[in-house]
>>> print(open('work_7.tsv').read())   # TSV, N, CA and C atoms
chain	number	residue	atom	x	y	z
R	1	MET	N	164.79	89.74	88.88
R	1	MET	CA	163.40	89.50	88.53
R	1	MET	C	162.53	90.42	89.38
R	2	LYS	N	161.64	91.12	88.70
R	2	LYS	CA	160.79	92.09	89.38
R	2	LYS	C	159.48	91.42	89.80
R	3	LYS	N	159.09	91.63	91.05
R	3	LYS	CA	157.86	91.04	91.58
R	3	LYS	C	156.68	91.93	91.19
R	4	GLU	N	155.63	91.30	90.61
R	4	GLU	CA	154.46	92.07	90.19
R	4	GLU	C	153.58	92.38	91.40
R	5	LYS	N	153.06	93.59	91.41
R	5	LYS	CA	152.21	94.05	92.50
R	5	LYS	C	150.75	93.70	92.17
R	6	THR	N	150.00	93.23	93.18
R	6	THR	CA	148.58	92.91	92.94
R	6	THR	C	147.80	94.21	92.77
R	7	PRO	N	146.79	94.18	91.94
R	7	PRO	CA	145.99	95.38	91.72
R	7	PRO	C	145.28	95.81	93.01
R	8	ASN	N	145.00	97.09	93.11
R	8	ASN	CA	144.34	97.63	94.29
R	8	ASN	C	142.94	97.04	94.50
R	9	ILE	N	142.23	96.79	93.41
R	9	ILE	CA	140.87	96.27	93.53
R	9	ILE	C	140.87	94.87	94.14
R	10	VAL	N	141.89	94.07	93.85
R	10	VAL	CA	141.96	92.72	94.41
R	10	VAL	C	142.22	92.80	95.91
R	11	SER	N	143.10	93.70	96.30
R	11	SER	CA	143.38	93.87	97.73
R	11	SER	C	142.13	94.36	98.46
R	12	LEU	N	141.41	95.28	97.85
R	12	LEU	CA	140.19	95.79	98.45
R	12	LEU	C	139.13	94.69	98.56
R	13	ALA	N	139.01	93.84	97.54
R	13	ALA	CA	138.03	92.75	97.56
R	13	ALA	C	138.36	91.74	98.66
R	14	ILE	N	139.63	91.44	98.84
R	14	ILE	CA	140.03	90.47	99.88
R	14	ILE	C	139.74	91.03	101.27
R	15	LEU	N	140.08	92.30	101.49
R	15	LEU	CA	139.79	92.92	102.79
R	15	LEU	C	138.29	93.00	103.07
R	16	THR	N	137.51	93.28	102.04
R	16	THR	CA	136.05	93.32	102.20
R	16	THR	C	135.50	91.95	102.54
R	17	LEU	N	136.00	90.93	101.90
R	17	LEU	CA	135.55	89.57	102.18
R	17	LEU	C	135.89	89.16	103.61
R	18	ILE	N	137.10	89.45	104.05
R	18	ILE	CA	137.51	89.11	105.42
R	18	ILE	C	136.64	89.86	106.43
R	19	THR	N	136.37	91.14	106.18
R	19	THR	CA	135.53	91.93	107.08
R	19	THR	C	134.12	91.36	107.15
R	20	SER	N	133.55	90.99	106.01
R	20	SER	CA	132.18	90.45	105.97
R	20	SER	C	132.09	89.14	106.74
R	21	VAL	N	133.05	88.26	106.54
R	21	VAL	CA	133.03	86.96	107.22
R	21	VAL	C	133.16	87.15	108.73
R	22	LEU	N	134.06	88.01	109.16
R	22	LEU	CA	134.21	88.26	110.60
R	22	LEU	C	132.95	88.90	111.19
R	23	TRP	N	132.35	89.82	110.46
R	23	TRP	CA	131.14	90.48	110.93
R	23	TRP	C	130.03	89.46	111.15
R	24	ILE	N	129.82	88.57	110.19
R	24	ILE	CA	128.78	87.54	110.31
R	24	ILE	C	129.10	86.60	111.47
R	25	PHE	N	130.34	86.19	111.60
R	25	PHE	CA	130.73	85.28	112.68
R	25	PHE	C	130.45	85.90	114.04
R	26	PHE	N	130.87	87.15	114.26
R	26	PHE	CA	130.67	87.78	115.56
R	26	PHE	C	129.19	88.08	115.84
R	27	SER	N	128.41	88.36	114.80
R	27	SER	CA	126.97	88.57	114.99
R	27	SER	C	126.29	87.28	115.45
R	28	LEU	N	126.64	86.19	114.80
R	28	LEU	CA	126.06	84.90	115.20
R	28	LEU	C	126.51	84.50	116.60
R	29	TYR	N	127.75	84.74	116.93
R	29	TYR	CA	128.27	84.44	118.26
R	29	TYR	C	127.52	85.22	119.32
R	30	ARG	N	127.27	86.51	119.05
R	30	ARG	CA	126.55	87.35	120.01
R	30	ARG	C	125.11	86.86	120.20
R	31	VAL	N	124.46	86.43	119.12
R	31	VAL	CA	123.08	85.95	119.21
R	31	VAL	C	123.01	84.71	120.09
R	32	PHE	N	123.96	83.79	119.97
R	32	PHE	CA	123.90	82.56	120.74
R	32	PHE	C	124.34	82.74	122.19
R	33	ILE	N	125.17	83.70	122.48
R	33	ILE	CA	125.70	83.89	123.83
R	33	ILE	C	124.77	84.74	124.71
R	34	GLU	N	124.20	85.80	124.16
R	34	GLU	CA	123.36	86.69	124.97
R	34	GLU	C	122.07	86.01	125.40
R	35	LYS	N	121.65	86.31	126.62
R	35	LYS	CA	120.37	85.82	127.11
R	35	LYS	C	119.34	86.90	126.85
R	36	SER	N	118.22	86.49	126.30
R	36	SER	CA	117.19	87.47	126.00
R	36	SER	C	116.22	87.59	127.17
R	37	ASP	N	115.81	88.81	127.45
R	37	ASP	CA	114.85	89.06	128.53
R	37	ASP	C	113.45	89.08	127.94
R	38	ILE	N	112.69	88.04	128.21
R	38	ILE	CA	111.33	87.95	127.72
R	38	ILE	C	110.40	88.26	128.88
R	39	LYS	N	109.60	89.29	128.70
R	39	LYS	CA	108.65	89.68	129.74
R	39	LYS	C	107.26	89.22	129.34
R	40	VAL	N	106.68	88.37	130.20
R	40	VAL	CA	105.35	87.84	129.96
R	40	VAL	C	104.46	88.34	131.07
R	41	SER	N	103.25	88.78	130.70
R	41	SER	CA	102.33	89.32	131.72
R	41	SER	C	101.88	88.22	132.68
R	42	ALA	N	101.43	88.63	133.85
R	42	ALA	CA	101.01	87.69	134.89
R	42	ALA	C	99.74	86.92	134.49
R	43	GLU	N	98.88	87.54	133.68
R	43	GLU	CA	97.65	86.88	133.25
R	43	GLU	C	97.95	85.63	132.44
R	44	ILE	N	98.96	85.71	131.61
R	44	ILE	CA	99.30	84.56	130.78
R	44	ILE	C	99.94	83.45	131.60
R	45	LEU	N	100.66	83.82	132.62
R	45	LEU	CA	101.35	82.83	133.44
R	45	LEU	C	100.47	82.14	134.47
R	46	GLU	N	99.27	82.66	134.70
R	46	GLU	CA	98.36	82.03	135.68
R	46	GLU	C	97.96	80.65	135.19
R	47	PRO	N	97.86	79.68	136.09
R	47	PRO	CA	97.44	78.34	135.68
R	47	PRO	C	95.95	78.32	135.33
R	48	LEU	N	95.59	77.43	134.44
R	48	LEU	CA	94.19	77.30	134.03
R	48	LEU	C	93.42	76.46	135.04
R	49	SER	N	92.14	76.80	135.17
R	49	SER	CA	91.28	76.05	136.08
R	49	SER	C	90.80	74.78	135.39
R	50	PRO	N	90.89	73.62	136.03
R	50	PRO	CA	90.45	72.39	135.40
R	50	PRO	C	88.92	72.23	135.42
R	51	ASN	N	88.20	73.09	136.15
R	51	ASN	CA	86.75	72.99	136.22
R	51	ASN	C	86.12	73.71	135.03
R	52	LEU	N	85.03	73.10	134.52
R	52	LEU	CA	84.32	73.70	133.40
R	52	LEU	C	83.32	74.72	133.92
R	53	ASN	N	83.19	75.82	133.21
R	53	ASN	CA	82.22	76.85	133.56
R	53	ASN	C	80.88	76.47	132.93
R	54	GLU	N	79.95	75.97	133.77
R	54	GLU	CA	78.67	75.48	133.27
R	54	GLU	C	77.80	76.60	132.71
R	55	LYS	N	77.95	77.80	133.22
R	55	LYS	CA	77.17	78.93	132.72
R	55	LYS	C	77.52	79.22	131.26
R	56	VAL	N	78.78	79.21	130.93
R	56	VAL	CA	79.21	79.47	129.56
R	56	VAL	C	78.74	78.35	128.64
R	57	ILE	N	78.79	77.11	129.11
R	57	ILE	CA	78.36	75.97	128.31
R	57	ILE	C	76.86	76.05	128.04
R	58	SER	N	76.07	76.44	129.01
R	58	SER	CA	74.62	76.57	128.79
R	58	SER	C	74.31	77.70	127.82
R	59	GLU	N	75.08	78.78	127.85
R	59	GLU	CA	74.87	79.87	126.90
R	59	GLU	C	75.19	79.42	125.47
R	60	ILE	N	76.18	78.60	125.32
R	60	ILE	CA	76.53	78.08	123.99
R	60	ILE	C	75.42	77.18	123.47
R	61	GLU	N	74.83	76.37	124.35
R	61	GLU	CA	73.76	75.46	123.93
R	61	GLU	C	72.51	76.22	123.54
R	62	LYS	N	72.28	77.40	124.10
R	62	LYS	CA	71.08	78.19	123.79
R	62	LYS	C	71.18	78.92	122.45
R	63	ARG	N	72.34	79.00	121.90
R	63	ARG	CA	72.51	79.71	120.63
R	63	ARG	C	71.75	79.02	119.50
R	64	VAL	N	71.40	79.81	118.49
R	64	VAL	CA	70.65	79.30	117.34
R	64	VAL	C	71.60	78.52	116.44
R	65	PHE	N	71.12	77.36	116.01
R	65	PHE	CA	71.89	76.53	115.09
R	65	PHE	C	71.21	76.57	113.73
R	66	ILE	N	71.96	76.88	112.70
R	66	ILE	CA	71.41	76.97	111.35
R	66	ILE	C	71.91	75.79	110.54
R	67	GLU	N	70.96	75.10	109.92
R	67	GLU	CA	71.31	73.98	109.05
R	67	GLU	C	71.90	74.52	107.74
R	68	GLN	N	72.62	73.67	107.02
R	68	GLN	CA	73.25	74.08	105.77
R	68	GLN	C	72.22	74.46	104.72
R	69	ASN	N	71.07	73.78	104.70
R	69	ASN	CA	70.05	74.09	103.69
R	69	ASN	C	69.28	75.37	104.01
R	70	GLN	N	69.41	75.92	105.20
R	70	GLN	CA	68.74	77.16	105.56
R	70	GLN	C	69.53	78.40	105.12
R	71	ILE	N	70.77	78.21	104.74
R	71	ILE	CA	71.60	79.32	104.31
R	71	ILE	C	71.32	79.58	102.84
R	72	PRO	N	70.92	80.83	102.47
R	72	PRO	CA	70.60	81.11	101.06
R	72	PRO	C	71.88	81.16	100.22
R	73	ASP	N	71.69	80.86	98.94
R	73	ASP	CA	72.81	80.95	98.01
R	73	ASP	C	73.08	82.42	97.71
R	74	ASN	N	74.32	82.80	97.80
R	74	ASN	CA	74.70	84.17	97.48
R	74	ASN	C	75.10	84.25	96.02
R	75	ILE	N	74.33	85.02	95.26
R	75	ILE	CA	74.62	85.18	93.84
R	75	ILE	C	75.29	86.54	93.67
R	76	ILE	N	76.53	86.51	93.28
R	76	ILE	CA	77.29	87.75	93.14
R	76	ILE	C	77.11	88.33	91.75
R	77	ALA	N	77.23	87.50	90.73
R	77	ALA	CA	77.13	87.99	89.35
R	77	ALA	C	75.66	88.12	88.96
R	78	LYS	N	75.27	89.30	88.47
R	78	LYS	CA	73.90	89.50	88.04
R	78	LYS	C	73.73	89.22	86.56
R	79	LYS	N	74.84	89.29	85.79
R	79	LYS	CA	74.78	88.99	84.37
R	79	LYS	C	74.96	87.50	84.18
R	80	PRO	N	74.22	86.91	83.24
R	80	PRO	CA	74.42	85.48	83.00
R	80	PRO	C	75.80	85.25	82.37
R	81	ILE	N	76.42	84.20	82.80
R	81	ILE	CA	77.74	83.85	82.29
R	81	ILE	C	77.54	83.05	81.01
R	82	PRO	N	78.11	83.51	79.89
R	82	PRO	CA	77.89	82.78	78.62
R	82	PRO	C	78.62	81.45	78.64
R	83	ASN	N	77.99	80.49	77.99
R	83	ASN	CA	78.61	79.17	77.86
R	83	ASN	C	79.69	79.22	76.80
R	84	GLU	N	80.55	78.26	76.82
R	84	GLU	CA	81.63	78.20	75.83
R	84	GLU	C	81.07	78.00	74.43
R	85	THR	N	79.92	77.31	74.29
R	85	THR	CA	79.36	77.05	72.97
R	85	THR	C	78.75	78.32	72.38
R	86	GLU	N	78.35	79.28	73.20
R	86	GLU	CA	77.74	80.50	72.70
R	86	GLU	C	78.78	81.46	72.15
R	87	LYS	N	80.01	81.33	72.55
R	87	LYS	CA	81.05	82.22	72.07
R	87	LYS	C	81.35	81.94	70.61
R	88	GLN	N	81.68	82.99	69.88
R	88	GLN	CA	82.01	82.81	68.48
R	88	GLN	C	83.43	82.28	68.36
R	89	SER	N	83.59	81.30	67.52
R	89	SER	CA	84.92	80.76	67.31
R	89	SER	C	85.50	81.39	66.05
R	90	PRO	N	86.79	81.54	65.99
R	90	PRO	CA	87.39	82.13	64.78
R	90	PRO	C	87.21	81.21	63.60
R	91	SER	N	87.06	81.82	62.43
R	91	SER	CA	86.86	81.02	61.23
R	91	SER	C	88.16	80.32	60.86
R	92	PRO	N	88.08	79.12	60.30
R	92	PRO	CA	89.29	78.39	59.98
R	92	PRO	C	90.06	79.01	58.82
R	93	GLU	N	89.37	79.72	57.91
R	93	GLU	CA	90.03	80.33	56.77
R	93	GLU	C	89.87	81.83	56.86
R	94	PRO	N	90.87	82.59	56.44
R	94	PRO	CA	90.73	84.05	56.46
R	94	PRO	C	89.72	84.50	55.42
R	95	GLU	N	89.04	85.59	55.74
R	95	GLU	CA	88.03	86.12	54.81
R	95	GLU	C	88.72	86.74	53.60
R	96	GLN	N	88.05	86.61	52.45
R	96	GLN	CA	88.61	87.15	51.22
R	96	GLN	C	88.21	88.61	51.05
R	97	THR	N	89.14	89.41	50.53
R	97	THR	CA	88.84	90.81	50.26
R	97	THR	C	88.06	90.92	48.96
R	98	GLU	N	87.53	92.11	48.69
R	98	GLU	CA	86.76	92.33	47.46
R	98	GLU	C	87.60	92.08	46.23
R	99	GLN	N	88.86	92.50	46.27
R	99	GLN	CA	89.74	92.32	45.11
R	99	GLN	C	89.96	90.84	44.84
R	100	GLN	N	90.13	90.06	45.90
R	100	GLN	CA	90.34	88.63	45.72
R	100	GLN	C	89.09	87.96	45.17
R	101	LEU	N	87.91	88.42	45.62
R	101	LEU	CA	86.67	87.85	45.10
R	101	LEU	C	86.51	88.15	43.62
R	102	GLU	N	86.84	89.39	43.20
R	102	GLU	CA	86.75	89.77	41.78
R	102	GLU	C	87.71	88.94	40.94
R	103	GLN	N	88.92	88.72	41.45
R	103	GLN	CA	89.90	87.95	40.70
R	103	GLN	C	89.46	86.50	40.57
R	104	ASP	N	88.84	85.97	41.62
R	104	ASP	CA	88.34	84.60	41.55
R	104	ASP	C	87.24	84.48	40.51
R	105	GLN	N	86.39	85.49	40.41
R	105	GLN	CA	85.30	85.46	39.44
R	105	GLN	C	85.83	85.63	38.02
R	106	ASP	N	86.85	86.49	37.84
R	106	ASP	CA	87.42	86.72	36.52
R	106	ASP	C	88.29	85.57	36.08
R	107	GLY	N	88.85	84.86	37.02
R	107	GLY	CA	89.76	83.77	36.71
R	107	GLY	C	91.17	84.27	36.43
R	108	THR	N	91.43	85.53	36.77
R	108	THR	CA	92.77	86.08	36.55
R	108	THR	C	93.66	85.78	37.75
R	109	GLU	N	94.95	85.87	37.48
R	109	GLU	CA	95.92	85.66	38.54
R	109	GLU	C	95.97	86.88	39.44
R	110	PRO	N	96.19	86.72	40.72
R	110	PRO	CA	96.29	87.88	41.60
R	110	PRO	C	97.56	88.67	41.29
R	111	THR	N	97.42	90.00	41.31
R	111	THR	CA	98.56	90.87	41.07
R	111	THR	C	98.88	91.63	42.34
R	112	ALA	N	100.10	92.10	42.42
R	112	ALA	CA	100.52	92.87	43.60
R	112	ALA	C	99.96	94.27	43.48
R	113	THR	N	99.43	94.77	44.58
R	113	THR	CA	98.89	96.13	44.58
R	113	THR	C	99.76	96.99	45.45
R	114	THR	N	99.93	98.22	45.02
R	114	THR	CA	100.71	99.15	45.83
R	114	THR	C	99.80	99.87	46.79
R	115	SER	N	100.40	100.56	47.75
R	115	SER	CA	99.60	101.29	48.71
R	115	SER	C	98.86	102.43	48.04
R	116	ALA	N	99.44	102.99	46.97
R	116	ALA	CA	98.77	104.08	46.24
R	116	ALA	C	97.49	103.57	45.59
R	117	GLU	N	97.52	102.36	45.05
R	117	GLU	CA	96.34	101.79	44.41
R	117	GLU	C	95.25	101.51	45.44
R	118	VAL	N	95.67	101.06	46.63
R	118	VAL	CA	94.70	100.78	47.68
R	118	VAL	C	94.03	102.07	48.15
R	119	ILE	N	94.82	103.15	48.26
R	119	ILE	CA	94.28	104.42	48.71
R	119	ILE	C	93.33	104.98	47.66
R	120	GLU	N	93.63	104.80	46.37
R	120	GLU	CA	92.77	105.30	45.30
R	120	GLU	C	91.42	104.59	45.31
R	121	THR	N	91.42	103.30	45.67
R	121	THR	CA	90.16	102.56	45.67
R	121	THR	C	89.29	102.93	46.85
R	122	ILE	N	89.90	103.46	47.86
R	122	ILE	CA	89.13	103.84	49.05
R	122	ILE	C	88.52	105.16	48.79
>>> encode(input="work_7.tsv", output="structure tokens")
Amino acid sequence: MKKEKTPNIVSLAILTLITSVLWIFFSLYRVFIEKSDIKVSAEILEPLSPNLNEKVISEIEKRVFIEQNQIPDNIIAKKPIPNETEKQSPSPEPEQTEQQLEQDQDGTEPTATTSAEVIETI
């Protein structure tokens, strides 16, 4: 009995999968094991003073306070926006052509027209 050989693409796919899994594993391992050097400036590490700066507080109190009603409305659009009722709505029935109107007046049945007949009438 002859043993069948696996195709080359299957062997390549298996090796690629093993390589990818190992690569991800070792990358994650390196991230968790290494210590990162974080450098923070001395200004940020200084402790905060618990005392309030009264000069800054007095400057804030001297600032102008504007009430909500003193702020003007900003109108961006200069054209009036049309209301929904002003817009034209499509007609519920399609408009009749001249040929259809003539046929309705004559009382004849509508006939099929060719493109040549339409071009001649134009």
>>> atom_distance(input="work_7.tsv", atom1="atom N of Phe32 of chain R", atom2="atom C of Leu12 of chain R")
28.4 Å
>>> select_by_dssp(input="work_7.tsv", residues="segment 6-61 of chain R", states="alpha helix (DSSP H)", output="PyMOL selection string")
chain R and resi 8-33+42-45+54-61
>>> atom_distance(input="work_7.tsv", atom1="atom N of Ser11 of chain R", atom2="atom N of Leu28 of chain R")
25.9 Å
